[in-house]
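Engineer: Attaching a single structure in structure tokens format; questions to follow.
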Amino acid sequence: MSLTDALILYRDSGIYPFHMPGHKRNSFTYGFYADCGTDITEIDGFDNLHDANGILKDGMKKAAHLYGSQHTFYLVNGSTCGILTGISACTNRGDRILVARNCHKSVYNAIEINGLDPVYILPQTVNELGICGSISPESIEKALEQSPEIKLIIITSPTYEGVVSDINRIADIAHKKNIPLFVDEAHGAHFGFTEGFPANSVSKGADIVVHSLHKTLPSPTQTALLHINGNIADITTVRRELSVFETSSPSYILMAGIDSCLEMLSKHSKTLFNEYKKRLKCFYDKVSGLKKIYLFCGDGDSAVFGFDPGKIVISVRNAGITGTELKDILLDKYLLQLEMATVDYAIAMTSICDTDDGFDRLAKALNEIEETLDFVPCDNKEQAPELPERVMPVSDSRRQSGHFVEISSALGEISREYIYAYPPGIPLIVPGERITKSIIGQILALTSKGVKLKSDFSRIPREINVVS
Ligand SMILES: Cc1ncc(COP(=O)(O)O)c(C=O)c1O
């Protein structure tokens, strides 16, 4: 079957999308009709994204105004290109930077191509679910004391699971030392429009922020924003780096998608978010009786500073099934496609474009599935994640010759590849790091519970490429 046929089949299948993009395949709320007639290039009257002086400059100014930013750039290569740009613009080759270990793989790629020296910081652990919690401001403070030569801080907030960090305090700590704070807010483009959702990181003092519009708002896949604030990040350098990492043929259809999304928000955000909050509340009311399945919302957990109520994180830790099994049941029996699933939980992503019907279907399905499950108290004790020893920089490990070893006998070897579960794309191990017992344990445990891992050489979970 061709890709087009497969997409049409999926479109017409009746499967409801609790996944990205945030427009939820709902063309009415998407608000922009794309066809060949609107797919153009930089012709007269349509400006040039890489030297914007007309209609695109005006659009980006409006975007900056909407998010309260000094400068905002449209991105058509996702937050990925904003991350590569922002990190490259704020660092020189060899610089030391402070990186939350749960950052997206694009951060690791930026480190590699700029030859940076990362100091990793571990987020707190949410014991109840075994997921990454917030980054504590104290841990940032301590890392800056230990490594005063740090030139940039980059953290992810919210995480894929919706956990938010205390950006105000982290920005204060960074700025006392004149260090720019980069917040990967790819999953939080919808923040700051209403009470009950976290404020966006631009308003909390971050110097650089990326937003993937396509993840949580009605905007086409690949669309994102890069915001630059304060005077630490040099805007001319940002522009130059953007021209390196972003396509020289930006799609006008994607840019118009950004434009219409932001226009809609500037005119109707109050109504749209009020309706969205009502739908979410109604959904949570309908599932309030769940006892074996549990909906995580971070309440009362000291490892969680804030939480995105739009992320429905469905824990099955005490329900005798895995998150991947739950995801399969929801798809096969109820035609509900979730965003992701792993061992203990699955994620339904929601947005202002979700419908009453979609939420009703999910609530009904969860209540019905609950009836079929037994309460099985989980005796997993969460082990605090550990940082593997970094033996050499990523780029050095790439230059070494390598060979494959079976994963079970890889203890003590130096990895030549990344291994991660995608989504969320956070590496378990980075090239140049020594493979520990705990890493091997995690790879085997995740695989045995149906989580698909990815690696550069694609031989995981069987083999890993190591330095010879
Ligand atoms: C935390 C985080 N940052 C950045 C990205 C990259 O965003 P994009 O897909 O818009 O390039 C992702 C994608 O999944 C992500 O989860």
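Ligands are numbered from 1 in the order shown, residues from 1 within each chain, and chains are lettered A, B, ... in the order they appear in the structure tokens.
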Within 7 Å of ligand 1, which residues of chain A come that close, and what is the closest atom pair and distance in Å for each? Count only C-alpha atoms and all ligand atoms and give it as a Markdown table.
Structural biologist:
```
| residue | atom | partner | partner_atom_place_in_ligand_line | distance |
| --- | --- | --- | --- | --- |
| A:Asn77 | CA | ligand 1 | 11 (O) | 6.3 |
| A:Gly78 | CA | ligand 1 | 10 (O) | 3.4 |
| A:Ser79 | CA | ligand 1 | 10 (O) | 3.9 |
| A:Thr80 | CA | ligand 1 | 11 (O) | 3.7 |
| A:Cys81 | CA | ligand 1 | 11 (O) | 6.5 |
| A:Cys103 | CA | ligand 1 | 1 (C) | 6.3 |
| A:His104 | CA | ligand 1 | 3 (N) | 4.9 |
| A:Ser106 | CA | ligand 1 | 4 (C) | 6.8 |
| A:Thr156 | CA | ligand 1 | 1 (C) | 5.8 |
| A:Thr159 | CA | ligand 1 | 1 (C) | 5.9 |
| A:Tyr160 | CA | ligand 1 | 16 (O) | 5.6 |
| A:Asp184 | CA | ligand 1 | 3 (N) | 5.7 |
| A:Glu185 | CA | ligand 1 | 1 (C) | 6.9 |
| A:Ala186 | CA | ligand 1 | 3 (N) | 5.0 |
| A:His187 | CA | ligand 1 | 1 (C) | 6.4 |
| A:Ser212 | CA | ligand 1 | 10 (O) | 4.6 |
| A:His214 | CA | ligand 1 | 10 (O) | 7.0 |
| A:Gln222 | CA | ligand 1 | 10 (O) | 5.5 |
| A:Thr223 | CA | ligand 1 | 10 (O) | 6.7 |
| A:Ala224 | CA | ligand 1 | 10 (O) | 6.1 |
| A:Pro423 | CA | ligand 1 | 14 (O) | 6.5 |
| A:Pro424 | CA | ligand 1 | 16 (O) | 5.5 |
| A:Gly425 | CA | ligand 1 | 14 (O) | 6.8 |
```
Engineer: What's the 10 Å shell around region 243-248 of chain A, counting only C-alpha atoms, without same-chain residues fewer than 6 positions away, as number ranges by chain?
Structural biologist: A: 48-51, 75-78, 80-85, 88, 237
Engineer: From a backbone DSSP assignment, name each residue in region 324-406 of chain A labelled strand (DSSP E), as a PyMOL selection string.
Structural biologist: chain A and resi 336-338+340-341+345-349+402-406
Engineer: Which residues come within 12 Å of Pro218 (chain A), counting only C-alpha atoms, excluding same-chain residues fewer than 4 positions away, as a compact mmCIF listing (two decimals) with C-alpha atoms, in the first residue's frame?
Structural biologist:
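Now in part-v6.txt:
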```
# COMPACT_ATOMS: atom_id res chain seq x y z
CA MET A 20 0.20 14.82 18.06
CA PRO A 21 -0.35 16.99 16.10
CA GLY A 22 -2.40 19.24 18.34
CA HIS A 23 -4.93 20.08 15.62
CA LYS A 24 -6.21 16.51 16.09
CA ARG A 25 -6.86 16.19 12.36
CA ASN A 26 -9.76 18.54 12.86
CA SER A 27 -9.64 20.90 9.90
CA PHE A 28 -12.31 23.20 11.29
CA THR A 29 -10.24 24.27 14.26
CA TYR A 30 -7.07 24.11 12.23
CA GLY A 31 -8.41 27.12 10.37
CA PHE A 32 -6.21 27.08 7.29
CA ALA A 189 3.41 25.94 23.43
CA HIS A 190 -0.07 26.07 24.96
CA SER A 212 6.67 22.96 19.13
CA LEU A 213 3.35 24.44 18.04
CA HIS A 214 2.50 21.18 16.33
CA GLN A 222 7.05 20.53 12.03
CA THR A 223 5.90 24.03 13.01
CA ALA A 224 7.58 25.59 16.03
CA LEU A 254 3.62 25.51 7.19
CA ALA A 256 0.64 30.04 7.11
CA GLY A 257 -0.30 27.23 9.49
CA ILE A 258 1.72 28.97 12.22
CA ASP A 259 0.18 32.30 11.32
CA SER A 260 -3.40 31.06 11.45
CA CYS A 261 -2.81 29.14 14.69
CA LEU A 262 -1.44 32.24 16.41
CA GLU A 263 -4.14 34.45 14.93
CA MET A 264 -6.75 32.10 16.30
CA LEU A 265 -5.11 32.15 19.74
CA SER A 269 -7.73 31.81 23.32
CA LEU A 272 -10.97 27.93 23.44
CA THR A 350 -4.93 16.39 24.49
CA SER A 351 -5.39 19.90 23.13
CA ILE A 352 -7.98 22.63 22.62
CA CYS A 353 -9.03 20.68 19.52
CA ASP A 354 -10.17 17.54 21.31
```
Engineer: Which residues, written as a list in words, have at least one atom at most 9 Å from Pro123 (chain A), with only C-alpha atoms counted and residues fewer than 6 positions away on the same chain left out?
Structural biologist: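 Result of the neighbour search: Ala100, Arg101, Asn102, Cys132, Gly133, Ser134, Ile135, Ser136, Ser139 and Ala303 of chain A.
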Engineer: Tell me, counting only C-alpha atoms, for each residue of region 280-351 of chain A within 8 Å of region 7-15 of chain A, which pair of atoms is nearest and how far apart they are in Å to one decimal, in rows ordered by chain and increasing number, as a Markdown table.
Structural biologist:
```
| residue | atom | partner | partner_atom | distance |
| --- | --- | --- | --- | --- |
| A:Leu331 | CA | A:Ile15 | CA | 7.7 |
| A:Leu335 | CA | A:Ile15 | CA | 4.6 |
| A:Leu336 | CA | A:Ile15 | CA | 5.6 |
| A:Gln337 | CA | A:Ile15 | CA | 6.5 |
```
Engineer: Keeping only N, CA and C atoms, write those residues as an mmCIF file, in the first residue's frame.
Structural biologist:
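Writing done, so here's result03.cif:
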```
data_model
loop_
_atom_site.group_PDB
_atom_site.id
_atom_site.type_symbol
_atom_site.label_atom_id
_atom_site.label_comp_id
_atom_site.auth_asym_id
_atom_site.auth_seq_id
_atom_site.Cartn_x
_atom_site.Cartn_y
_atom_site.Cartn_z
ATOM 1 N N LEU A 331 -6.425 0.783 21.351
ATOM 2 C CA LEU A 331 -6.475 0.906 19.892
ATOM 3 C C LEU A 331 -7.346 -0.190 19.273
ATOM 4 N N LEU A 335 -10.598 1.829 19.306
ATOM 5 C CA LEU A 335 -10.176 2.752 18.236
ATOM 6 C C LEU A 335 -9.684 4.097 18.795
ATOM 7 N N LEU A 336 -8.913 4.004 19.872
ATOM 8 C CA LEU A 336 -8.309 5.202 20.453
ATOM 9 C C LEU A 336 -6.789 5.055 20.351
ATOM 10 N N GLN A 337 -6.168 5.959 19.619
ATOM 11 C CA GLN A 337 -4.709 5.874 19.438
ATOM 12 C C GLN A 337 -4.019 6.814 20.432
#
```
Engineer: Take CA of Asp117 (chain A) and CA of Ile232 (chain A) and report the distance between them in Å, one decimal.
Structural biologist: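 Computed distance, CA of Asp117 (chain A) to CA of Ile232 (chain A), equals 19.9 Å.
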Engineer: DSSP on the backbone, then: every residue of region 70-244 of chain A marked helix (DSSP H, G or I), written as a VMD selection string.
Structural biologist: chain A and resid 78 to 89 105 to 113 137 to 146 167 to 176 186 to 188 213 to 216 235 to 244
Engineer: Which value, in Å to one decimal, gives the distance between CA of Met349 (chain A) and CA of Val107 (chain A)?
Structural biologist: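 One can read the CA of Met349 (chain A) to CA of Val107 (chain A) distance as 23.0 Å.
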Engineer: For CA of Ile443 (chain A) and CA of Pro388 (chain A), quote the distance in Å rounded to one decimal.
Structural biologist: 14.1 Å
Engineer: Choose the residue, out of A:Leu362, A:Ala319, A:Leu290, A:Ile113, that has the smallest atom-to-atom separation from Lys333 (chain A); count only C-alpha atoms.
Structural biologist: A:Leu362
Engineer: Mind checking which residues fall within 12 Å of region 408-412 of chain A, counting only C-alpha atoms, ignoring those fewer than 3 positions away in the same chain, and posting them as a VMD selection string?
Structural biologist: chain A and resid 388 to 391 403 to 405 415 to 416 432 to 445 460 to 468
Engineer: Write a file of the just-selected residues containing C-alpha atoms, as a short mmCIF file (atom, residue, chain, number, x, y, z; two decimals), in the first residue's frame.
Structural biologist:
```
data_model
loop_
_atom_site.label_atom_id
_atom_site.label_comp_id
_atom_site.auth_asym_id
_atom_site.auth_seq_id
_atom_site.Cartn_x
_atom_site.Cartn_y
_atom_site.Cartn_z
CA PRO A 388 27.34 6.54 33.53
CA GLU A 389 31.03 7.43 33.56
CA ARG A 390 31.97 9.62 30.57
CA VAL A 391 35.21 8.19 29.26
CA HIS A 403 32.74 -3.81 17.16
CA PHE A 404 29.47 -5.34 18.30
CA VAL A 405 29.00 -7.20 21.56
CA SER A 415 29.41 2.65 23.93
CA ARG A 416 29.82 3.98 20.40
CA GLY A 432 31.73 7.62 24.90
CA GLU A 433 30.07 6.46 28.15
CA ARG A 434 30.87 3.25 30.00
CA ILE A 435 28.10 0.65 30.04
CA THR A 436 26.99 -0.21 33.55
CA LYS A 437 25.04 -3.06 35.07
CA SER A 438 22.12 -0.71 35.59
CA ILE A 439 22.06 0.32 31.89
CA ILE A 440 22.08 -3.32 30.78
CA GLY A 441 19.32 -4.04 33.30
CA GLN A 442 17.21 -1.17 31.96
CA ILE A 443 17.65 -2.26 28.34
CA LEU A 444 16.65 -5.85 29.14
CA ALA A 445 13.74 -4.83 31.38
CA ILE A 460 19.41 -3.18 19.96
CA PRO A 461 18.20 -5.05 22.00
CA ARG A 462 20.49 -7.85 20.81
CA GLU A 463 23.84 -6.09 20.34
CA ILE A 464 25.56 -2.79 20.99
CA ASN A 465 28.45 -1.18 19.16
CA VAL A 466 31.38 -0.49 21.49
CA VAL A 467 34.82 1.07 21.22
CA SER A 468 37.42 -1.60 20.25
#
```
Engineer: Env of region 126-128 of chain A: 8 Å cut, atoms = only C-alpha atoms, seq-sep filter 2 positions within chain, self excluded. Answer as a PyMOL selection string.
Structural biologist: chain A and resi 124+130-133+301+303-304+381-382
Engineer: Could you take the residues named above and write them with N, CA and C atoms, as a compact mmCIF listing (two decimals), in the first residue's frame?
Structural biologist:
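Result file is selection-v3.txt:
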```txt
# COMPACT_ATOMS: atom_id res chain seq x y z
N GLN A 124 14.83 15.15 39.43
CA GLN A 124 14.36 14.33 40.55
C GLN A 124 13.57 13.16 39.98
N GLY A 130 8.09 6.30 38.52
CA GLY A 130 9.40 6.03 37.95
C GLY A 130 9.74 6.94 36.79
N ILE A 131 9.12 8.13 36.75
CA ILE A 131 9.43 9.06 35.64
C ILE A 131 10.29 10.21 36.15
N CYS A 132 10.82 10.99 35.21
CA CYS A 132 11.62 12.15 35.59
C CYS A 132 10.72 13.21 36.19
N GLY A 133 11.16 13.76 37.31
CA GLY A 133 10.45 14.87 37.92
C GLY A 133 11.06 16.19 37.47
N ASP A 301 3.45 15.62 45.15
CA ASP A 301 4.75 14.96 44.99
C ASP A 301 5.85 16.01 45.01
N ALA A 303 8.73 15.88 44.06
CA ALA A 303 9.60 15.87 42.88
C ALA A 303 8.93 16.58 41.69
N VAL A 304 7.71 17.06 41.91
CA VAL A 304 6.97 17.69 40.81
C VAL A 304 6.63 19.12 41.19
N LYS A 381 10.68 -1.07 43.31
CA LYS A 381 11.27 0.05 44.04
C LYS A 381 12.07 0.83 43.00
N GLU A 382 11.73 2.10 42.88
CA GLU A 382 12.44 2.90 41.89
C GLU A 382 13.88 3.13 42.30
```
